[in-house]
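Trainee: Supplied structure: target-v3.pdb, PDB, N, CA and C atoms.
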ATOM      1  N   MET A   1     -49.858  10.129 -35.867
ATOM      2  CA  MET A   1     -50.007   9.392 -34.633
ATOM      3  C   MET A   1     -51.241   8.499 -34.693
ATOM      4  N   GLN A   2     -52.348   9.061 -35.149
ATOM      5  CA  GLN A   2     -53.591   8.293 -35.201
ATOM      6  C   GLN A   2     -53.448   7.090 -36.131
ATOM      7  N   GLN A   3     -52.802   7.256 -37.278
ATOM      8  CA  GLN A   3     -52.609   6.142 -38.211
ATOM      9  C   GLN A   3     -51.735   5.061 -37.596
ATOM     10  N   LEU A   4     -50.708   5.459 -36.894
ATOM     11  CA  LEU A   4     -49.810   4.511 -36.250
ATOM     12  C   LEU A   4     -50.553   3.682 -35.213
ATOM     13  N   VAL A   5     -51.283   4.341 -34.344
ATOM     14  CA  VAL A   5     -52.009   3.647 -33.283
ATOM     15  C   VAL A   5     -53.139   2.798 -33.848
ATOM     16  N   SER A   6     -53.836   3.288 -34.859
ATOM     17  CA  SER A   6     -54.959   2.518 -35.404
ATOM     18  C   SER A   6     -54.494   1.193 -35.995
ATOM     19  N   GLY A   7     -53.270   1.124 -36.479
ATOM     20  CA  GLY A   7     -52.733  -0.135 -36.987
ATOM     21  C   GLY A   7     -52.468  -1.149 -35.895
ATOM     22  N   TRP A   8     -52.287  -0.680 -34.674
ATOM     23  CA  TRP A   8     -52.001  -1.565 -33.540
ATOM     24  C   TRP A   8     -53.232  -1.912 -32.729
ATOM     25  N   THR A   9     -54.365  -1.327 -33.040
ATOM     26  CA  THR A   9     -55.550  -1.544 -32.220
ATOM     27  C   THR A   9     -56.603  -2.403 -32.910
ATOM     28  N   LYS A  10     -56.221  -3.103 -33.938
ATOM     29  CA  LYS A  10     -57.161  -3.971 -34.641
ATOM     30  C   LYS A  10     -57.459  -5.205 -33.795
ATOM     31  N   GLU A  11     -58.653  -5.759 -33.987
ATOM     32  CA  GLU A  11     -59.101  -6.878 -33.160
ATOM     33  C   GLU A  11     -58.381  -8.191 -33.446
ATOM     34  N   ASP A  12     -57.796  -8.369 -34.606
ATOM     35  CA  ASP A  12     -57.191  -9.651 -34.959
ATOM     36  C   ASP A  12     -55.726  -9.775 -34.535
ATOM     37  N   LEU A  13     -55.227  -8.853 -33.740
ATOM     38  CA  LEU A  13     -53.842  -8.901 -33.284
ATOM     39  C   LEU A  13     -53.726  -9.749 -32.014
ATOM     40  N   PRO A  14     -52.536 -10.314 -31.736
ATOM     41  CA  PRO A  14     -52.366 -11.172 -30.555
ATOM     42  C   PRO A  14     -52.199 -10.385 -29.245
ATOM     43  N   PHE A  15     -52.503  -9.118 -29.255
ATOM     44  CA  PHE A  15     -52.417  -8.293 -28.047
ATOM     45  C   PHE A  15     -53.506  -7.232 -28.101
ATOM     46  N   THR A  16     -53.738  -6.615 -26.968
ATOM     47  CA  THR A  16     -54.716  -5.536 -26.882
ATOM     48  C   THR A  16     -53.981  -4.236 -26.584
ATOM     49  N   LEU A  17     -54.247  -3.230 -27.383
ATOM     50  CA  LEU A  17     -53.672  -1.907 -27.157
ATOM     51  C   LEU A  17     -54.763  -0.872 -27.373
ATOM     52  N   SER A  18     -54.959  -0.037 -26.380
ATOM     53  CA  SER A  18     -55.881   1.081 -26.565
ATOM     54  C   SER A  18     -55.196   2.353 -26.079
ATOM     55  N   VAL A  19     -55.384   3.407 -26.833
ATOM     56  CA  VAL A  19     -54.779   4.703 -26.537
ATOM     57  C   VAL A  19     -55.884   5.749 -26.596
ATOM     58  N   ALA A  20     -55.947   6.590 -25.570
ATOM     59  CA  ALA A  20     -56.958   7.637 -25.552
ATOM     60  C   ALA A  20     -56.342   8.936 -25.050
ATOM     61  N   ASN A  21     -56.796  10.030 -25.622
ATOM     62  CA  ASN A  21     -56.295  11.356 -25.261
ATOM     63  C   ASN A  21     -57.471  12.270 -24.950
ATOM     64  N   ARG A  22     -57.304  13.067 -23.921
ATOM     65  CA  ARG A  22     -58.371  13.989 -23.531
ATOM     66  C   ARG A  22     -57.748  15.302 -23.079
ATOM     67  N   VAL A  23     -58.361  16.388 -23.483
ATOM     68  CA  VAL A  23     -57.920  17.721 -23.082
ATOM     69  C   VAL A  23     -59.106  18.416 -22.423
ATOM     70  N   LEU A  24     -58.902  18.850 -21.191
ATOM     71  CA  LEU A  24     -59.918  19.609 -20.475
ATOM     72  C   LEU A  24     -59.433  21.050 -20.405
ATOM     73  N   VAL A  25     -60.278  21.975 -20.831
ATOM     74  CA  VAL A  25     -59.906  23.386 -20.896
ATOM     75  C   VAL A  25     -60.917  24.206 -20.101
ATOM     76  N   SER A  26     -60.422  25.211 -19.416
ATOM     77  CA  SER A  26     -61.278  26.087 -18.633
ATOM     78  C   SER A  26     -62.338  26.746 -19.516
ATOM     79  N   LYS A  27     -63.563  26.829 -18.996
ATOM     80  CA  LYS A  27     -64.658  27.484 -19.713
ATOM     81  C   LYS A  27     -64.525  29.005 -19.723
ATOM     82  N   LEU A  28     -63.652  29.533 -18.893
ATOM     83  CA  LEU A  28     -63.525  30.986 -18.806
ATOM     84  C   LEU A  28     -63.166  31.587 -20.158
ATOM     85  N   LYS A  29     -63.787  32.694 -20.468
ATOM     86  CA  LYS A  29     -63.633  33.330 -21.774
ATOM     87  C   LYS A  29     -62.177  33.615 -22.137
ATOM     88  N   GLU A  30     -61.377  34.048 -21.167
ATOM     89  CA  GLU A  30     -59.977  34.388 -21.466
ATOM     90  C   GLU A  30     -59.116  33.157 -21.739
ATOM     91  N   HIS A  31     -59.665  31.968 -21.558
ATOM     92  CA  HIS A  31     -58.909  30.736 -21.789
ATOM     93  C   HIS A  31     -59.426  29.936 -22.988
ATOM     94  N   LYS A  32     -60.108  30.568 -23.886
ATOM     95  CA  LYS A  32     -60.638  29.864 -25.054
ATOM     96  C   LYS A  32     -59.507  29.294 -25.905
ATOM     97  N   VAL A  33     -59.716  28.076 -26.376
ATOM     98  CA  VAL A  33     -58.721  27.410 -27.218
ATOM     99  C   VAL A  33     -59.065  27.668 -28.676
ATOM    100  N   ASN A  34     -58.059  27.944 -29.459
ATOM    101  CA  ASN A  34     -58.221  28.171 -30.885
ATOM    102  C   ASN A  34     -58.920  26.968 -31.522
ATOM    103  N   GLU A  35     -59.943  27.227 -32.311
ATOM    104  CA  GLU A  35     -60.729  26.152 -32.920
ATOM    105  C   GLU A  35     -59.884  25.263 -33.838
ATOM    106  N   GLU A  36     -58.963  25.848 -34.573
ATOM    107  CA  GLU A  36     -58.091  25.071 -35.460
ATOM    108  C   GLU A  36     -57.217  24.111 -34.652
ATOM    109  N   TYR A  37     -56.730  24.574 -33.506
ATOM    110  CA  TYR A  37     -55.927  23.713 -32.630
ATOM    111  C   TYR A  37     -56.766  22.536 -32.125
ATOM    112  N   THR A  38     -57.988  22.824 -31.719
ATOM    113  CA  THR A  38     -58.901  21.767 -31.273
ATOM    114  C   THR A  38     -59.133  20.755 -32.387
ATOM    115  N   ASN A  39     -59.345  21.237 -33.603
ATOM    116  CA  ASN A  39     -59.555  20.339 -34.744
ATOM    117  C   ASN A  39     -58.323  19.470 -35.004
ATOM    118  N   GLN A  40     -57.141  20.045 -34.859
ATOM    119  CA  GLN A  40     -55.900  19.283 -35.063
ATOM    120  C   GLN A  40     -55.730  18.207 -33.988
ATOM    121  N   LEU A  41     -56.076  18.528 -32.755
ATOM    122  CA  LEU A  41     -56.012  17.532 -31.679
ATOM    123  C   LEU A  41     -56.928  16.349 -31.983
ATOM    124  N   LYS A  42     -58.120  16.657 -32.459
ATOM    125  CA  LYS A  42     -59.079  15.599 -32.788
ATOM    126  C   LYS A  42     -58.603  14.780 -33.979
ATOM    127  N   LEU A  43     -58.107  15.452 -35.003
ATOM    128  CA  LEU A  43     -57.689  14.787 -36.235
ATOM    129  C   LEU A  43     -56.461  13.905 -36.038
ATOM    130  N   HIS A  44     -55.421  14.436 -35.423
ATOM    131  CA  HIS A  44     -54.145  13.723 -35.341
ATOM    132  C   HIS A  44     -53.993  12.833 -34.113
ATOM    133  N   TYR A  45     -54.695  13.162 -33.034
ATOM    134  CA  TYR A  45     -54.531  12.403 -31.794
ATOM    135  C   TYR A  45     -55.821  11.762 -31.313
ATOM    136  N   ASN A  46     -56.880  11.897 -32.103
ATOM    137  CA  ASN A  46     -58.183  11.360 -31.734
ATOM    138  C   ASN A  46     -58.559  11.813 -30.314
ATOM    139  N   ALA A  47     -58.224  13.044 -30.002
ATOM    140  CA  ALA A  47     -58.431  13.570 -28.652
ATOM    141  C   ALA A  47     -59.850  14.086 -28.466
ATOM    142  N   VAL A  48     -60.348  13.890 -27.269
ATOM    143  CA  VAL A  48     -61.604  14.487 -26.849
ATOM    144  C   VAL A  48     -61.236  15.811 -26.192
ATOM    145  N   VAL A  49     -61.877  16.887 -26.619
ATOM    146  CA  VAL A  49     -61.603  18.209 -26.053
ATOM    147  C   VAL A  49     -62.886  18.708 -25.395
ATOM    148  N   ASP A  50     -62.810  18.963 -24.083
ATOM    149  CA  ASP A  50     -63.981  19.403 -23.322
ATOM    150  C   ASP A  50     -63.688  20.704 -22.601
ATOM    151  N   GLU A  51     -64.678  21.587 -22.588
ATOM    152  CA  GLU A  51     -64.593  22.794 -21.773
ATOM    153  C   GLU A  51     -65.259  22.488 -20.443
ATOM    154  N   VAL A  52     -64.572  22.801 -19.346
ATOM    155  CA  VAL A  52     -65.094  22.511 -18.012
ATOM    156  C   VAL A  52     -64.900  23.719 -17.103
ATOM    157  N   ASP A  53     -65.618  23.709 -16.000
ATOM    158  CA  ASP A  53     -65.494  24.774 -15.007
ATOM    159  C   ASP A  53     -64.663  24.245 -13.842
ATOM    160  N   PHE A  54     -63.375  24.584 -13.840
ATOM    161  CA  PHE A  54     -62.470  24.110 -12.795
ATOM    162  C   PHE A  54     -62.764  24.773 -11.444
ATOM    163  N   VAL A  55     -63.480  25.895 -11.449
ATOM    164  CA  VAL A  55     -63.786  26.602 -10.210
ATOM    165  C   VAL A  55     -65.004  25.984  -9.526
ATOM    166  N   LYS A  56     -66.112  25.893 -10.240
ATOM    167  CA  LYS A  56     -67.361  25.396  -9.653
ATOM    168  C   LYS A  56     -67.434  23.871  -9.596
ATOM    169  N   ASP A  57     -66.798  23.199 -10.544
ATOM    170  CA  ASP A  57     -66.971  21.748 -10.670
ATOM    171  C   ASP A  57     -65.695  20.950 -10.399
ATOM    172  N   GLN A  58     -64.860  21.421  -9.476
ATOM    173  CA  GLN A  58     -63.589  20.735  -9.205
ATOM    174  C   GLN A  58     -63.785  19.251  -8.903
ATOM    175  N   ASN A  59     -64.666  18.946  -7.971
ATOM    176  CA  ASN A  59     -64.868  17.551  -7.563
ATOM    177  C   ASN A  59     -65.459  16.712  -8.687
ATOM    178  N   LYS A  60     -66.404  17.282  -9.412
ATOM    179  CA  LYS A  60     -67.034  16.565 -10.525
ATOM    180  C   LYS A  60     -66.013  16.269 -11.625
ATOM    181  N   VAL A  61     -65.210  17.255 -11.989
ATOM    182  CA  VAL A  61     -64.203  17.075 -13.042
ATOM    183  C   VAL A  61     -63.156  16.055 -12.601
ATOM    184  N   THR A  62     -62.733  16.126 -11.348
ATOM    185  CA  THR A  62     -61.769  15.156 -10.819
ATOM    186  C   THR A  62     -62.329  13.744 -10.917
ATOM    187  N   ALA A  63     -63.563  13.559 -10.468
ATOM    188  CA  ALA A  63     -64.198  12.236 -10.501
ATOM    189  C   ALA A  63     -64.355  11.732 -11.933
ATOM    190  N   GLU A  64     -64.766  12.607 -12.849
ATOM    191  CA  GLU A  64     -64.937  12.204 -14.247
ATOM    192  C   GLU A  64     -63.606  11.804 -14.886
ATOM    193  N   CYS A  65     -62.545  12.553 -14.603
ATOM    194  CA  CYS A  65     -61.218  12.210 -15.144
ATOM    195  C   CYS A  65     -60.761  10.858 -14.624
ATOM    196  N   ASN A  66     -60.910  10.651 -13.329
ATOM    197  CA  ASN A  66     -60.496   9.382 -12.740
ATOM    198  C   ASN A  66     -61.301   8.212 -13.299
ATOM    199  N   GLU A  67     -62.584   8.399 -13.476
ATOM    200  CA  GLU A  67     -63.423   7.324 -14.028
ATOM    201  C   GLU A  67     -63.063   7.042 -15.480
ATOM    202  N   TRP A  68     -62.788   8.079 -16.245
ATOM    203  CA  TRP A  68     -62.406   7.935 -17.652
ATOM    204  C   TRP A  68     -61.133   7.109 -17.771
ATOM    205  N   VAL A  69     -60.114   7.463 -16.968
ATOM    206  CA  VAL A  69     -58.846   6.733 -17.009
ATOM    207  C   VAL A  69     -59.028   5.307 -16.495
ATOM    208  N   LYS A  70     -59.796   5.142 -15.437
ATOM    209  CA  LYS A  70     -60.042   3.803 -14.879
ATOM    210  C   LYS A  70     -60.704   2.898 -15.915
ATOM    211  N   THR A  71     -61.685   3.425 -16.620
ATOM    212  CA  THR A  71     -62.383   2.645 -17.652
ATOM    213  C   THR A  71     -61.440   2.284 -18.793
ATOM    214  N   LEU A  72     -60.686   3.250 -19.288
ATOM    215  CA  LEU A  72     -59.808   3.012 -20.435
ATOM    216  C   LEU A  72     -58.624   2.101 -20.120
ATOM    217  N   THR A  73     -58.203   2.071 -18.851
ATOM    218  CA  THR A  73     -57.086   1.198 -18.467
ATOM    219  C   THR A  73     -57.589  -0.095 -17.825
ATOM    220  N   LYS A  74     -58.873  -0.351 -17.974
ATOM    221  CA  LYS A  74     -59.496  -1.565 -17.438
ATOM    222  C   LYS A  74     -59.194  -1.739 -15.948
ATOM    223  N   GLY A  75     -59.260  -0.632 -15.217
ATOM    224  CA  GLY A  75     -59.088  -0.642 -13.775
ATOM    225  C   GLY A  75     -57.654  -0.634 -13.282
ATOM    226  N   LYS A  76     -56.686  -0.652 -14.183
ATOM    227  CA  LYS A  76     -55.272  -0.677 -13.768
ATOM    228  C   LYS A  76     -54.838   0.649 -13.134
ATOM    229  N   ILE A  77     -55.416   1.750 -13.598
ATOM    230  CA  ILE A  77     -55.161   3.056 -12.981
ATOM    231  C   ILE A  77     -56.505   3.561 -12.466
ATOM    232  N   ALA A  78     -56.676   3.518 -11.157
ATOM    233  CA  ALA A  78     -57.959   3.893 -10.565
ATOM    234  C   ALA A  78     -58.060   5.387 -10.282
ATOM    235  N   GLU A  79     -56.922   6.021 -10.029
ATOM    236  CA  GLU A  79     -56.948   7.445  -9.698
ATOM    237  C   GLU A  79     -55.730   8.136 -10.293
ATOM    238  N   ILE A  80     -55.991   9.065 -11.191
ATOM    239  CA  ILE A  80     -54.898   9.824 -11.800
ATOM    240  C   ILE A  80     -54.803  11.223 -11.189
ATOM    241  N   LEU A  81     -55.919  11.709 -10.662
ATOM    242  CA  LEU A  81     -55.955  13.029 -10.024
ATOM    243  C   LEU A  81     -56.513  12.918  -8.611
ATOM    244  N   LYS A  82     -55.853  13.570  -7.665
ATOM    245  CA  LYS A  82     -56.382  13.631  -6.291
ATOM    246  C   LYS A  82     -57.363  14.800  -6.180
ATOM    247  N   SER A  83     -56.976  15.916  -6.756
ATOM    248  CA  SER A  83     -57.827  17.102  -6.753
ATOM    249  C   SER A  83     -57.348  18.038  -7.862
ATOM    250  N   ILE A  84     -58.162  19.047  -8.135
ATOM    251  CA  ILE A  84     -57.824  20.030  -9.166
ATOM    252  C   ILE A  84     -57.839  21.412  -8.525
ATOM    253  N   ASP A  85     -56.786  22.154  -8.745
ATOM    254  CA  ASP A  85     -56.703  23.519  -8.243
ATOM    255  C   ASP A  85     -57.666  24.389  -9.052
ATOM    256  N   PRO A  86     -58.424  25.269  -8.408
ATOM    257  CA  PRO A  86     -59.378  26.106  -9.142
ATOM    258  C   PRO A  86     -58.736  27.049 -10.159
ATOM    259  N   SER A  87     -57.434  27.295 -10.044
ATOM    260  CA  SER A  87     -56.765  28.169 -11.012
ATOM    261  C   SER A  87     -56.274  27.406 -12.247
ATOM    262  N   THR A  88     -56.588  26.127 -12.323
ATOM    263  CA  THR A  88     -56.174  25.304 -13.464
ATOM    264  C   THR A  88     -56.765  25.863 -14.757
ATOM    265  N   VAL A  89     -55.955  25.893 -15.799
ATOM    266  CA  VAL A  89     -56.397  26.379 -17.102
ATOM    267  C   VAL A  89     -56.662  25.210 -18.043
ATOM    268  N   ALA A  90     -55.822  24.174 -17.980
ATOM    269  CA  ALA A  90     -55.998  23.022 -18.870
ATOM    270  C   ALA A  90     -55.366  21.778 -18.244
ATOM    271  N   ILE A  91     -55.934  20.636 -18.595
ATOM    272  CA  ILE A  91     -55.389  19.337 -18.198
ATOM    273  C   ILE A  91     -55.336  18.480 -19.449
ATOM    274  N   LEU A  92     -54.182  17.884 -19.690
ATOM    275  CA  LEU A  92     -54.025  16.957 -20.814
ATOM    276  C   LEU A  92     -53.831  15.563 -20.238
ATOM    277  N   ILE A  93     -54.645  14.623 -20.682
ATOM    278  CA  ILE A  93     -54.565  13.255 -20.170
ATOM    279  C   ILE A  93     -54.355  12.301 -21.333
ATOM    280  N   ASN A  94     -53.424  11.381 -21.146
ATOM    281  CA  ASN A  94     -53.174  10.322 -22.117
ATOM    282  C   ASN A  94     -53.254   9.008 -21.358
ATOM    283  N   ALA A  95     -54.121   8.107 -21.798
ATOM    284  CA  ALA A  95     -54.253   6.800 -21.154
ATOM    285  C   ALA A  95     -53.927   5.720 -22.174
ATOM    286  N   ILE A  96     -53.051   4.810 -21.775
ATOM    287  CA  ILE A  96     -52.655   3.705 -22.650
ATOM    288  C   ILE A  96     -52.857   2.399 -21.902
ATOM    289  N   TYR A  97     -53.487   1.445 -22.569
ATOM    290  CA  TYR A  97     -53.670   0.109 -21.997
ATOM    291  C   TYR A  97     -53.061  -0.898 -22.958
ATOM    292  N   PHE A  98     -52.210  -1.773 -22.431
ATOM    293  CA  PHE A  98     -51.596  -2.832 -23.234
ATOM    294  C   PHE A  98     -51.722  -4.136 -22.483
ATOM    295  N   LYS A  99     -52.178  -5.158 -23.187
ATOM    296  CA  LYS A  99     -52.199  -6.503 -22.618
ATOM    297  C   LYS A  99     -51.713  -7.454 -23.701
ATOM    298  N   GLY A 100     -50.625  -8.131 -23.404
ATOM    299  CA  GLY A 100     -50.061  -9.066 -24.360
ATOM    300  C   GLY A 100     -48.880  -9.787 -23.748
ATOM    301  N   VAL A 101     -48.318 -10.691 -24.490
ATOM    302  CA  VAL A 101     -47.149 -11.435 -24.039
ATOM    303  C   VAL A 101     -45.913 -10.710 -24.557
ATOM    304  N   TRP A 102     -45.013 -10.380 -23.653
ATOM    305  CA  TRP A 102     -43.786  -9.692 -24.029
ATOM    306  C   TRP A 102     -42.801 -10.685 -24.637
ATOM    307  N   GLU A 103     -42.115 -10.272 -25.671
ATOM    308  CA  GLU A 103     -41.087 -11.117 -26.282
ATOM    309  C   GLU A 103     -39.978 -11.404 -25.274
ATOM    310  N   VAL A 104     -39.611 -10.394 -24.513
ATOM    311  CA  VAL A 104     -38.616 -10.557 -23.450
ATOM    312  C   VAL A 104     -39.320 -10.210 -22.134
ATOM    313  N   PRO A 105     -39.682 -11.236 -21.341
ATOM    314  CA  PRO A 105     -40.392 -10.975 -20.079
ATOM    315  C   PRO A 105     -39.541 -10.152 -19.112
ATOM    316  N   PHE A 106     -40.213  -9.428 -18.241
ATOM    317  CA  PHE A 106     -39.522  -8.633 -17.237
ATOM    318  C   PHE A 106     -40.078  -8.988 -15.865
ATOM    319  N   LYS A 107     -39.335  -8.654 -14.844
ATOM    320  CA  LYS A 107     -39.747  -8.978 -13.483
ATOM    321  C   LYS A 107     -40.846  -8.022 -13.031
ATOM    322  N   GLU A 108     -41.886  -8.595 -12.414
ATOM    323  CA  GLU A 108     -43.022  -7.784 -11.970
ATOM    324  C   GLU A 108     -42.628  -6.697 -10.985
ATOM    325  N   GLU A 109     -41.600  -6.947 -10.169
ATOM    326  CA  GLU A 109     -41.213  -5.940  -9.177
ATOM    327  C   GLU A 109     -40.653  -4.678  -9.826
ATOM    328  N   PHE A 110     -40.377  -4.718 -11.122
ATOM    329  CA  PHE A 110     -39.893  -3.537 -11.828
ATOM    330  C   PHE A 110     -41.031  -2.692 -12.396
ATOM    331  N   THR A 111     -42.256  -3.091 -12.154
ATOM    332  CA  THR A 111     -43.394  -2.322 -12.674
ATOM    333  C   THR A 111     -43.940  -1.393 -11.622
TER
END
What would you get if you wrote out this structure as structure tokens?
Mentor:
Amino acid sequence: MQQLVSGWTKEDLPFTLSVANRVLVSKLKEHKVNEEYTNQLKLHYNAVVDEVDFVKDQNKVTAECNEWVKTLTKGKIAEILKSIDPSTVAILINAIYFKGVWEVPFKEEFT
């Protein structure tokens, strides 16, 4: 996946494509993620893996996720999460931004 996307994100292409992946995992001891799995996420998907406290830091984590997605989508997606339930164990986020001319244009009302 990473090799495929990296070929499309070069600066000399006639379009802009950025892809980002993030995994938020509960800091609670019983929810620890296998280190090998974390390494595979980073290696194959260029994912950022963060341990967070969904109980104490619900508002902070929500705000950080929304800001991360807003930045990566150049403001096109301002809010991906309204709130986070304190019983949340993990959140997987994928943000994709594309700007270019479509070979076959489509009507804006279909977006």
Trainee: Can you translate the PyMOL selection byres ((chain A and resi 36-51) around 5) into the concrete residues it hits in this file, as a PyMOL selection string?
Mentor: chain A and resi 2+21-25+27+34-35+52-53
Trainee: Run the PyMOL selection byres (((chain A and resi 72-78 and name CA) around 12) and name CA) mentally over the shown coordinates, then write out the matched residues as a ChimeraX atom specification, using the chain letters and numbers from the document.
Mentor: /A:16-22,62-71,79-82,93-99
Trainee: I'd like the interatomic distance between CA of Ile84 in chain A and atom C of Val33 in chain A, to a tenth of an Å.
Mentor: 21.0 Å
Trainee: I'd like to know which residues of chain A are strand (DSSP E) (by DSSP, run on the backbone); could you write them as a PyMOL selection string?
Mentor: chain A and resi 16-26+47-52+90-99
Trainee: Please, what distance in Å, to one decimal, runs between CA of Lys32 in chain A and atom C of Thr88 in chain A?
Mentor: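 Interatomic distance, CA of Lys32 in chain A to atom C of Thr88 in chain A: 11.7 Å.
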Trainee: Hey, can you check how far atom N of Ala90 in chain A sits from atom C of Ser26 in chain A?
Mentor: 7.2 Å
Trainee: Could you put an axis-aligned box around every listed atom of range 85-89 of chain A, padded by 8 Å on each side, and send me its centre and edge lengths in Å to one decimal, as AutoDock Vina command-line options?
Mentor:
--center_x -57.7 --center_y 25.2 --center_z -13.1 --size_x 19.4 --size_y 22.0 --size_z 25.8
Trainee: Within 8 Å of (-63.0, 27.4, -6.1), only C-alpha atoms: residues as a list of chain:residue names?
Mentor: A:Phe54, A:Val55, A:Lys56, A:Gln58, A:Asp85, A:Pro86, A:Ser87
Trainee: Need a file for range 19-92 of chain A from that block: C-alpha atoms, written as a PDB file, in the first residue's frame.
Mentor:
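Dumped to result-v1.pdb:
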ATOM      1  CA  VAL A  19      -3.072   9.795   2.216  1.00  0.00           C
ATOM      2  CA  ALA A  20      -2.688   9.538   5.973  1.00  0.00           C
ATOM      3  CA  ASN A  21      -3.572   6.832   8.474  1.00  0.00           C
ATOM      4  CA  ARG A  22      -3.815   7.086  12.230  1.00  0.00           C
ATOM      5  CA  VAL A  23      -4.693   4.567  14.917  1.00  0.00           C
ATOM      6  CA  LEU A  24      -5.621   5.711  18.408  1.00  0.00           C
ATOM      7  CA  VAL A  25      -5.549   2.975  21.045  1.00  0.00           C
ATOM      8  CA  SER A  26      -6.649   3.058  24.662  1.00  0.00           C
ATOM      9  CA  LYS A  27      -3.804   3.469  27.168  1.00  0.00           C
ATOM     10  CA  LEU A  28      -5.446   0.952  29.478  1.00  0.00           C
ATOM     11  CA  LYS A  29      -3.212  -2.024  30.161  1.00  0.00           C
ATOM     12  CA  GLU A  30      -5.786  -4.609  29.032  1.00  0.00           C
ATOM     13  CA  HIS A  31      -5.952  -2.926  25.609  1.00  0.00           C
ATOM     14  CA  LYS A  32      -2.270  -3.002  24.693  1.00  0.00           C
ATOM     15  CA  VAL A  33      -1.601  -3.503  20.994  1.00  0.00           C
ATOM     16  CA  ASN A  34       0.910  -6.108  19.901  1.00  0.00           C
ATOM     17  CA  GLU A  35       4.188  -4.376  19.029  1.00  0.00           C
ATOM     18  CA  GLU A  36       4.615  -6.380  15.808  1.00  0.00           C
ATOM     19  CA  TYR A  37       1.150  -5.274  14.664  1.00  0.00           C
ATOM     20  CA  THR A  38       2.058  -1.649  15.381  1.00  0.00           C
ATOM     21  CA  ASN A  39       5.273  -2.054  13.379  1.00  0.00           C
ATOM     22  CA  GLN A  40       3.330  -3.539  10.447  1.00  0.00           C
ATOM     23  CA  LEU A  41       0.867  -0.629  10.484  1.00  0.00           C
ATOM     24  CA  LYS A  42       3.761   1.814  10.334  1.00  0.00           C
ATOM     25  CA  LEU A  43       5.652  -0.126   7.663  1.00  0.00           C
ATOM     26  CA  HIS A  44       2.829  -0.942   5.243  1.00  0.00           C
ATOM     27  CA  TYR A  45       0.379   1.913   5.813  1.00  0.00           C
ATOM     28  CA  ASN A  46       2.662   4.668   7.089  1.00  0.00           C
ATOM     29  CA  ALA A  47       0.257   4.859  10.025  1.00  0.00           C
ATOM     30  CA  VAL A  48       0.750   6.904  13.146  1.00  0.00           C
ATOM     31  CA  VAL A  49      -0.120   4.815  16.206  1.00  0.00           C
ATOM     32  CA  ASP A  50      -0.864   6.694  19.439  1.00  0.00           C
ATOM     33  CA  GLU A  51      -1.921   5.540  22.877  1.00  0.00           C
ATOM     34  CA  VAL A  52      -4.536   7.872  24.361  1.00  0.00           C
ATOM     35  CA  ASP A  53      -6.790   8.074  27.392  1.00  0.00           C
ATOM     36  CA  PHE A  54     -10.349   7.934  26.054  1.00  0.00           C
ATOM     37  CA  VAL A  55     -11.723   8.285  29.605  1.00  0.00           C
ATOM     38  CA  LYS A  56      -9.865  11.353  30.904  1.00  0.00           C
ATOM     39  CA  ASP A  57      -9.070  13.065  27.599  1.00  0.00           C
ATOM     40  CA  GLN A  58     -12.242  12.589  25.522  1.00  0.00           C
ATOM     41  CA  ASN A  59     -12.526  16.238  24.487  1.00  0.00           C
ATOM     42  CA  LYS A  60      -8.802  16.631  23.843  1.00  0.00           C
ATOM     43  CA  VAL A  61      -8.617  13.469  21.703  1.00  0.00           C
ATOM     44  CA  THR A  62     -11.738  14.499  19.765  1.00  0.00           C
ATOM     45  CA  ALA A  63     -10.289  17.955  19.067  1.00  0.00           C
ATOM     46  CA  GLU A  64      -6.899  16.530  18.043  1.00  0.00           C
ATOM     47  CA  CYS A  65      -8.499  14.014  15.646  1.00  0.00           C
ATOM     48  CA  ASN A  66     -10.640  16.692  14.052  1.00  0.00           C
ATOM     49  CA  GLU A  67      -7.684  19.054  13.665  1.00  0.00           C
ATOM     50  CA  TRP A  68      -5.518  16.283  12.190  1.00  0.00           C
ATOM     51  CA  VAL A  69      -8.146  15.426   9.565  1.00  0.00           C
ATOM     52  CA  LYS A  70      -8.878  19.101   8.857  1.00  0.00           C
ATOM     53  CA  THR A  71      -5.183  19.800   8.253  1.00  0.00           C
ATOM     54  CA  LEU A  72      -4.623  16.744   6.049  1.00  0.00           C
ATOM     55  CA  THR A  73      -7.727  17.418   3.934  1.00  0.00           C
ATOM     56  CA  LYS A  74      -6.859  21.111   3.608  1.00  0.00           C
ATOM     57  CA  GLY A  75     -10.039  22.085   5.444  1.00  0.00           C
ATOM     58  CA  LYS A  76     -12.404  19.991   3.304  1.00  0.00           C
ATOM     59  CA  ILE A  77     -13.336  17.829   6.308  1.00  0.00           C
ATOM     60  CA  ALA A  78     -13.550  20.024   9.391  1.00  0.00           C
ATOM     61  CA  GLU A  79     -15.088  17.522  11.791  1.00  0.00           C
ATOM     62  CA  ILE A  80     -14.870  13.752  11.627  1.00  0.00           C
ATOM     63  CA  LEU A  81     -15.818  13.082  15.260  1.00  0.00           C
ATOM     64  CA  LYS A  82     -18.515  14.769  17.348  1.00  0.00           C
ATOM     65  CA  SER A  83     -17.488  13.027  20.552  1.00  0.00           C
ATOM     66  CA  ILE A  84     -15.796   9.875  21.814  1.00  0.00           C
ATOM     67  CA  ASP A  85     -17.442   7.382  24.127  1.00  0.00           C
ATOM     68  CA  PRO A  86     -15.253   6.696  27.193  1.00  0.00           C
ATOM     69  CA  SER A  87     -15.544   2.940  26.570  1.00  0.00           C
ATOM     70  CA  THR A  88     -13.801   3.308  23.193  1.00  0.00           C
ATOM     71  CA  VAL A  89     -10.888   0.909  22.746  1.00  0.00           C
ATOM     72  CA  ALA A  90      -9.529   2.052  19.368  1.00  0.00           C
ATOM     73  CA  ILE A  91     -10.188   4.505  16.549  1.00  0.00           C
ATOM     74  CA  LEU A  92      -8.828   4.037  13.043  1.00  0.00           C
TER      75      LEU A  92
END
